[in-house]
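Inspection log for the structure reproduced underneath, given as structure tokens.
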Amino acid sequence: MSSPTRSGEPGTAQPALERKIGPLQATAINMTQMCGIGPFVTIPAMVATMGGPQAMFGWIIGAIVALADGLIWAELGAAMPGAGGTYLYLREAFQYRTGRLMPFLFVWSAVLFIPLIMSTGIIGLVQYLGYLIPGVTDDAGTTPLGKIIGVGITLLIIVALFRKIGQISKLTTVLFVVMLAAVLATIVAAFSHFSATQAFAFTPGAFSSAGDGTFWGGLGAGLIIAIYDYLGYNTSAYLGGEVRNPGRTLPRSIIFSIIGIMGLYFLLQVGVLGSIPLAQLKDAKSVASSVLEQVWGSGAAKSITVLIVIAAIGSVFAGLLGGSRVPFEAARDKVFLPVFGKLHPKLHLPTAGVLTMGVITILGSLFTLTTVINAAVATLVIIQSLAQVAAIVVLRRRQPGLRRPYRQWLYPVPTIIALVGWVYIYISADWLSIGLSLGWIAVGALAYLAYAKAENTWPFGPKEIKEAFAATDTEGAPA
């Protein structure tokens, strides 16, 4: 029996991805990736950026953008379930006018922004290790010892990824339970020492429409933080080639994970606001540990901080798991380096993807948290989020007969909300991040021209139009 070289097309026999991930594991993978160390290190930044307790509304607005975008992922993922997620959607949508340009640029960028996002998890977990191990952090941030520990943890995660997907899905479920225990313990501790007056003491004039209103003035930067913390709801779509019954599993895993994480984040933010004075909260290095210590003492705080560190490791693990599949399909289409299209002969995983993204994660962990978040989010928005907004519109027009097990609710309203949200987030990034993202895309465009010349494809040759999913079942195989 042959395995597909391009989703929906038979080709020469070669190792294939295995569909072993069920609905529970897919949702667990998403939520584990979403809620690693993110909220534990960014809550103080969110409060400082938005000027006070009004930061709680930043999480809600961020969730609205994430849910609107998640409904785009749900439709596209259910209709085109294969490895790489966005790569497939852009390949199918933009092949009519610009050939392979857009999917090439996505993979070119994803190999950078996915591991950069994972490196923030490493940076954050090292901050919390500073609460447990003296010398890992200081007032200036992470020490050389902390950076060495971060590199070592990343190497252990890479090694842990070298196992079959069935084993990995079970492991991610365990990590999900650890993450949930850490978050719920912090929420319970916060609300057992809670002051509603303190939590809802909004800064005077915070919601004023004037330019100095702290809420509106800080909303853009706050949304960058919020959307960073929500990122990961699409991880199951990256693993679309390894998900059972993807037509049902992918939409549910995306929607359930966003709603679930939104509830946890909101409770966590409100609880922390009501248990730690605002002045102390804005400068807190390990805010969850501080909450736990003042309520249950240092012993319990240290124990749960260990769970927080494990949850952060789980987030990086889940992110690299999904991200490593992104260049796989592109390489099999001969749109990216061939080495990324090879699977491990026994474990059936993309070896080059795991190793490359692991190395970039290590490099990113050597920079500061804010720098990496801004650079990663800006690059992601321009070539993934905005491109997918266009893709769902194009595919509805170009391929009306495409089998869509899930169709976006209230289309096109969520698509428009996502578009407005992503544009606002992008222009709210710092100019350095915007410049770097545009520069990276420009270099990618030059790399594409060299590739297109060598492959004699558009704009130097004919466009190859193949509607690979137009007549496939929900498993991504010919109907």
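If you're wondering about the labels, chains in the structure tokens are A, B, ... by order shown, residues count from 1 in each chain, ligands from 1 in order shown.
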**Shell of 9 Å around Thr86 (chain A), only C-alpha atoms, local chain residues under 2 positions omitted, as a PyMOL selection string** = chain A and resi 73+76-77+84+88-91+103+106-107+237-238+326+384+387-388
**Prompt:** What's the 9 Å shell around Thr368 (chain A), counting only C-alpha atoms, without same-chain residues fewer than 4 positions away, as a ChimeraX atom specification?
**Reply:** /A:120,123,141-142,364,372-373
**Message:** I need the residue nearest Ile43 (chain A) from this list: A:Tyr406, A:Phe469, A:Phe266, A:Phe200. Use only C-alpha atoms for the distance.
**Reply:** A:Phe266
**Request:** Taking the chain letters and numbering used in this document, name the residues of region 179-303 of chain A that DSSP puts in alpha helix (DSSP H), as a PyMOL selection string.
**Result:** chain A and resi 179-191+196-199+214-230+235-238+246-273+278-282+287-303
Grab the residues selected above and save them as a PDB file, in the first residue's frame with C-alpha atoms.
ATOM      1  CA  MET A 179      -0.688  21.803  34.473  1.00  0.00           C
ATOM      2  CA  LEU A 180      -4.321  21.781  35.624  1.00  0.00           C
ATOM      3  CA  ALA A 181      -3.302  20.916  39.193  1.00  0.00           C
ATOM      4  CA  ALA A 182      -0.765  23.776  39.290  1.00  0.00           C
ATOM      5  CA  VAL A 183      -3.239  26.360  37.945  1.00  0.00           C
ATOM      6  CA  LEU A 184      -6.143  25.241  40.149  1.00  0.00           C
ATOM      7  CA  ALA A 185      -3.932  25.150  43.257  1.00  0.00           C
ATOM      8  CA  THR A 186      -2.837  28.736  42.591  1.00  0.00           C
ATOM      9  CA  ILE A 187      -6.443  29.836  41.995  1.00  0.00           C
ATOM     10  CA  VAL A 188      -7.640  28.164  45.217  1.00  0.00           C
ATOM     11  CA  ALA A 189      -4.774  29.734  47.187  1.00  0.00           C
ATOM     12  CA  ALA A 190      -5.515  33.169  45.733  1.00  0.00           C
ATOM     13  CA  PHE A 191      -9.230  33.050  46.516  1.00  0.00           C
ATOM     14  CA  ALA A 196     -12.727  41.837  46.357  1.00  0.00           C
ATOM     15  CA  THR A 197     -12.174  45.517  47.153  1.00  0.00           C
ATOM     16  CA  GLN A 198      -8.530  45.213  46.125  1.00  0.00           C
ATOM     17  CA  ALA A 199      -9.244  43.058  43.055  1.00  0.00           C
ATOM     18  CA  THR A 214      -4.849  53.410  31.181  1.00  0.00           C
ATOM     19  CA  PHE A 215      -7.072  50.673  29.745  1.00  0.00           C
ATOM     20  CA  TRP A 216      -7.251  51.905  26.159  1.00  0.00           C
ATOM     21  CA  GLY A 217      -3.699  53.211  26.209  1.00  0.00           C
ATOM     22  CA  GLY A 218      -2.321  49.829  27.214  1.00  0.00           C
ATOM     23  CA  LEU A 219      -4.786  47.595  25.361  1.00  0.00           C
ATOM     24  CA  GLY A 220      -2.571  47.013  22.320  1.00  0.00           C
ATOM     25  CA  ALA A 221       0.450  45.904  24.319  1.00  0.00           C
ATOM     26  CA  GLY A 222      -1.840  43.988  26.674  1.00  0.00           C
ATOM     27  CA  LEU A 223      -3.386  42.094  23.760  1.00  0.00           C
ATOM     28  CA  ILE A 224       0.070  41.027  22.593  1.00  0.00           C
ATOM     29  CA  ILE A 225       0.608  39.502  26.036  1.00  0.00           C
ATOM     30  CA  ALA A 226      -2.869  37.934  26.120  1.00  0.00           C
ATOM     31  CA  ILE A 227      -2.693  36.413  22.652  1.00  0.00           C
ATOM     32  CA  TYR A 228       0.775  35.079  23.428  1.00  0.00           C
ATOM     33  CA  ASP A 229      -0.715  33.262  26.414  1.00  0.00           C
ATOM     34  CA  TYR A 230      -3.574  31.861  24.310  1.00  0.00           C
ATOM     35  CA  THR A 235      -1.447  22.650  18.002  1.00  0.00           C
ATOM     36  CA  SER A 236      -3.846  19.792  17.239  1.00  0.00           C
ATOM     37  CA  ALA A 237      -4.270  21.197  13.704  1.00  0.00           C
ATOM     38  CA  TYR A 238      -0.495  20.982  13.185  1.00  0.00           C
ATOM     39  CA  PRO A 246     -10.193  14.904  12.486  1.00  0.00           C
ATOM     40  CA  GLY A 247     -13.455  16.273  11.060  1.00  0.00           C
ATOM     41  CA  ARG A 248     -14.923  16.140  14.561  1.00  0.00           C
ATOM     42  CA  THR A 249     -11.859  16.051  16.789  1.00  0.00           C
ATOM     43  CA  LEU A 250     -10.043  19.155  15.494  1.00  0.00           C
ATOM     44  CA  PRO A 251     -12.913  21.699  15.810  1.00  0.00           C
ATOM     45  CA  ARG A 252     -13.848  20.438  19.270  1.00  0.00           C
ATOM     46  CA  SER A 253     -10.279  20.385  20.564  1.00  0.00           C
ATOM     47  CA  ILE A 254      -9.713  23.968  19.373  1.00  0.00           C
ATOM     48  CA  ILE A 255     -12.961  25.451  20.696  1.00  0.00           C
ATOM     49  CA  PHE A 256     -12.960  23.562  24.026  1.00  0.00           C
ATOM     50  CA  SER A 257      -9.344  24.451  24.751  1.00  0.00           C
ATOM     51  CA  ILE A 258      -9.881  28.198  24.158  1.00  0.00           C
ATOM     52  CA  ILE A 259     -13.000  28.343  26.342  1.00  0.00           C
ATOM     53  CA  GLY A 260     -11.380  26.258  29.084  1.00  0.00           C
ATOM     54  CA  ILE A 261      -8.172  28.280  29.183  1.00  0.00           C
ATOM     55  CA  MET A 262     -10.083  31.577  29.108  1.00  0.00           C
ATOM     56  CA  GLY A 263     -11.911  30.541  32.297  1.00  0.00           C
ATOM     57  CA  LEU A 264      -8.672  29.524  34.019  1.00  0.00           C
ATOM     58  CA  TYR A 265      -6.837  32.714  33.008  1.00  0.00           C
ATOM     59  CA  PHE A 266      -9.659  34.993  34.154  1.00  0.00           C
ATOM     60  CA  LEU A 267      -9.949  33.274  37.549  1.00  0.00           C
ATOM     61  CA  LEU A 268      -6.177  33.316  37.942  1.00  0.00           C
ATOM     62  CA  GLN A 269      -5.913  37.024  37.114  1.00  0.00           C
ATOM     63  CA  VAL A 270      -8.775  38.063  39.404  1.00  0.00           C
ATOM     64  CA  GLY A 271      -7.497  35.835  42.207  1.00  0.00           C
ATOM     65  CA  VAL A 272      -3.979  37.247  42.021  1.00  0.00           C
ATOM     66  CA  LEU A 273      -5.299  40.824  41.921  1.00  0.00           C
ATOM     67  CA  LEU A 278      -0.935  46.159  43.163  1.00  0.00           C
ATOM     68  CA  ALA A 279       2.460  47.787  43.741  1.00  0.00           C
ATOM     69  CA  GLN A 280       3.994  44.432  44.699  1.00  0.00           C
ATOM     70  CA  LEU A 281       2.272  42.576  41.846  1.00  0.00           C
ATOM     71  CA  LYS A 282       3.633  44.797  39.069  1.00  0.00           C
ATOM     72  CA  VAL A 287       3.801  35.677  41.235  1.00  0.00           C
ATOM     73  CA  ALA A 288       2.215  32.245  41.705  1.00  0.00           C
ATOM     74  CA  SER A 289       4.884  31.218  44.221  1.00  0.00           C
ATOM     75  CA  SER A 290       4.281  34.454  46.148  1.00  0.00           C
ATOM     76  CA  VAL A 291       0.534  33.773  46.312  1.00  0.00           C
ATOM     77  CA  LEU A 292       1.080  30.200  47.443  1.00  0.00           C
ATOM     78  CA  GLU A 293       3.668  31.114  50.067  1.00  0.00           C
ATOM     79  CA  GLN A 294       1.579  33.779  51.779  1.00  0.00           C
ATOM     80  CA  VAL A 295      -1.392  31.398  52.053  1.00  0.00           C
ATOM     81  CA  TRP A 296       0.079  27.925  52.637  1.00  0.00           C
ATOM     82  CA  GLY A 297       3.712  28.610  53.548  1.00  0.00           C
ATOM     83  CA  SER A 298       6.998  28.066  51.745  1.00  0.00           C
ATOM     84  CA  GLY A 299       6.822  24.246  51.780  1.00  0.00           C
ATOM     85  CA  ALA A 300       3.548  24.089  49.845  1.00  0.00           C
ATOM     86  CA  ALA A 301       4.672  26.971  47.629  1.00  0.00           C
ATOM     87  CA  LYS A 302       7.822  25.131  46.633  1.00  0.00           C
ATOM     88  CA  SER A 303       5.922  21.897  45.966  1.00  0.00           C
TER      89      SER A 303
END
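The list of residues with at least one atom within 9 Å of Pro459 (chain A), based on only C-alpha atoms and without residues fewer than 4 positions apart in the same chain, reads Thr98, Gly99, Leu449, Ala452, Lys453 and Lys463 of chain A.
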Taking a cut-off of 10 Å and counting only C-alpha atoms, can you build a table that, for each residue of region 293-375 of chain A near region 149-155 of chain A, reports the nearest atom pair and how far apart they are in Å (one decimal), sorted by chain then residue number, as a Markdown table?
| residue | atom | partner | partner_atom | distance |
| --- | --- | --- | --- | --- |
| A:Ile313 | CA | A:Ile153 | CA | 7.9 |
| A:Val316 | CA | A:Thr154 | CA | 8.3 |
| A:Phe317 | CA | A:Thr154 | CA | 8.8 |
| A:Leu355 | CA | A:Leu155 | CA | 9.5 |
| A:Gly358 | CA | A:Thr154 | CA | 7.0 |
| A:Val359 | CA | A:Thr154 | CA | 8.5 |
| A:Thr361 | CA | A:Thr154 | CA | 7.5 |
| A:Ile362 | CA | A:Val151 | CA | 5.7 |
| A:Leu363 | CA | A:Val151 | CA | 8.5 |
| A:Ser365 | CA | A:Gly150 | CA | 7.2 |
| A:Leu366 | CA | A:Gly150 | CA | 8.7 |
Write a file of the just-selected residues containing N, CA and C atoms, as a PDB file, in the first residue's frame.
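Written file, part.pdb:
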ATOM      1  N   ILE A 313       7.430  22.812  31.190  1.00  0.00           N
ATOM      2  CA  ILE A 313       8.121  21.819  30.355  1.00  0.00           C
ATOM      3  C   ILE A 313       7.122  21.142  29.419  1.00  0.00           C
ATOM      4  N   VAL A 316       6.299  23.426  26.411  1.00  0.00           N
ATOM      5  CA  VAL A 316       7.353  23.409  25.392  1.00  0.00           C
ATOM      6  C   VAL A 316       7.338  22.078  24.646  1.00  0.00           C
ATOM      7  N   PHE A 317       7.133  21.004  25.370  1.00  0.00           N
ATOM      8  CA  PHE A 317       7.051  19.667  24.775  1.00  0.00           C
ATOM      9  C   PHE A 317       5.938  19.611  23.733  1.00  0.00           C
ATOM     10  N   LEU A 355      14.722  18.333  15.700  1.00  0.00           N
ATOM     11  CA  LEU A 355      16.068  18.800  16.043  1.00  0.00           C
ATOM     12  C   LEU A 355      16.260  20.287  15.725  1.00  0.00           C
ATOM     13  N   GLY A 358      14.268  22.470  18.065  1.00  0.00           N
ATOM     14  CA  GLY A 358      14.876  22.382  19.386  1.00  0.00           C
ATOM     15  C   GLY A 358      16.080  23.293  19.512  1.00  0.00           C
ATOM     16  N   VAL A 359      16.920  23.317  18.487  1.00  0.00           N
ATOM     17  CA  VAL A 359      18.116  24.166  18.510  1.00  0.00           C
ATOM     18  C   VAL A 359      17.734  25.649  18.532  1.00  0.00           C
ATOM     19  N   THR A 361      14.975  26.904  19.686  1.00  0.00           N
ATOM     20  CA  THR A 361      14.431  27.153  21.025  1.00  0.00           C
ATOM     21  C   THR A 361      15.556  27.459  22.008  1.00  0.00           C
ATOM     22  N   ILE A 362      16.632  26.702  21.918  1.00  0.00           N
ATOM     23  CA  ILE A 362      17.781  26.937  22.786  1.00  0.00           C
ATOM     24  C   ILE A 362      18.355  28.334  22.565  1.00  0.00           C
ATOM     25  N   LEU A 363      18.525  28.733  21.313  1.00  0.00           N
ATOM     26  CA  LEU A 363      19.079  30.051  21.005  1.00  0.00           C
ATOM     27  C   LEU A 363      18.157  31.168  21.502  1.00  0.00           C
ATOM     28  N   SER A 365      16.121  31.100  23.974  1.00  0.00           N
ATOM     29  CA  SER A 365      16.067  31.154  25.441  1.00  0.00           C
ATOM     30  C   SER A 365      17.183  32.009  26.032  1.00  0.00           C
ATOM     31  N   LEU A 366      18.134  32.420  25.224  1.00  0.00           N
ATOM     32  CA  LEU A 366      19.244  33.237  25.709  1.00  0.00           C
ATOM     33  C   LEU A 366      18.906  34.727  25.723  1.00  0.00           C
TER      34      LEU A 366
END
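For the residues A:Asn234, A:Thr415, A:Gln95, A:Ser437, ranking by smallest atom-to-atom distance to Ala375 (chain A) using only C-alpha atoms places A:Ser437 first.
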**Prompt:** Leaving out region 432-436 of chain A and any residue of its chain fewer than 4 positions from it, which residues lie within 8 Å of it when counting only C-alpha atoms, given as a list in words?
**Reply:** Asn374, Ala375, Ala378, Thr379, Tyr426, Ile427 and Trp440 of chain A
How would the residues just picked look written out with N, CA and C atoms as an mmCIF file, in the first residue's frame?
data_model
loop_
_atom_site.group_PDB
_atom_site.id
_atom_site.type_symbol
_atom_site.label_atom_id
_atom_site.label_comp_id
_atom_site.auth_asym_id
_atom_site.auth_seq_id
_atom_site.Cartn_x
_atom_site.Cartn_y
_atom_site.Cartn_z
ATOM 1 N N ASN A 374 7.574 39.691 21.573
ATOM 2 C CA ASN A 374 7.242 40.663 20.519
ATOM 3 C C ASN A 374 7.683 40.171 19.148
ATOM 4 N N ALA A 375 8.897 39.633 19.048
ATOM 5 C CA ALA A 375 9.407 39.172 17.759
ATOM 6 C C ALA A 375 8.593 37.993 17.242
ATOM 7 N N ALA A 378 4.819 39.121 16.273
ATOM 8 C CA ALA A 378 4.782 39.941 15.060
ATOM 9 C C ALA A 378 4.991 39.088 13.817
ATOM 10 N N THR A 379 5.931 38.161 13.865
ATOM 11 C CA THR A 379 6.187 37.289 12.710
ATOM 12 C C THR A 379 5.016 36.365 12.455
ATOM 13 N N TYR A 426 -0.854 43.542 15.565
ATOM 14 C CA TYR A 426 0.385 43.725 14.805
ATOM 15 C C TYR A 426 0.896 45.154 14.901
ATOM 16 N N ILE A 427 0.013 46.127 14.705
ATOM 17 C CA ILE A 427 0.454 47.524 14.730
ATOM 18 C C ILE A 427 0.785 47.980 16.152
ATOM 19 N N TRP A 440 12.339 39.591 7.743
ATOM 20 C CA TRP A 440 12.407 38.133 7.616
ATOM 21 C C TRP A 440 11.574 37.648 6.426
#
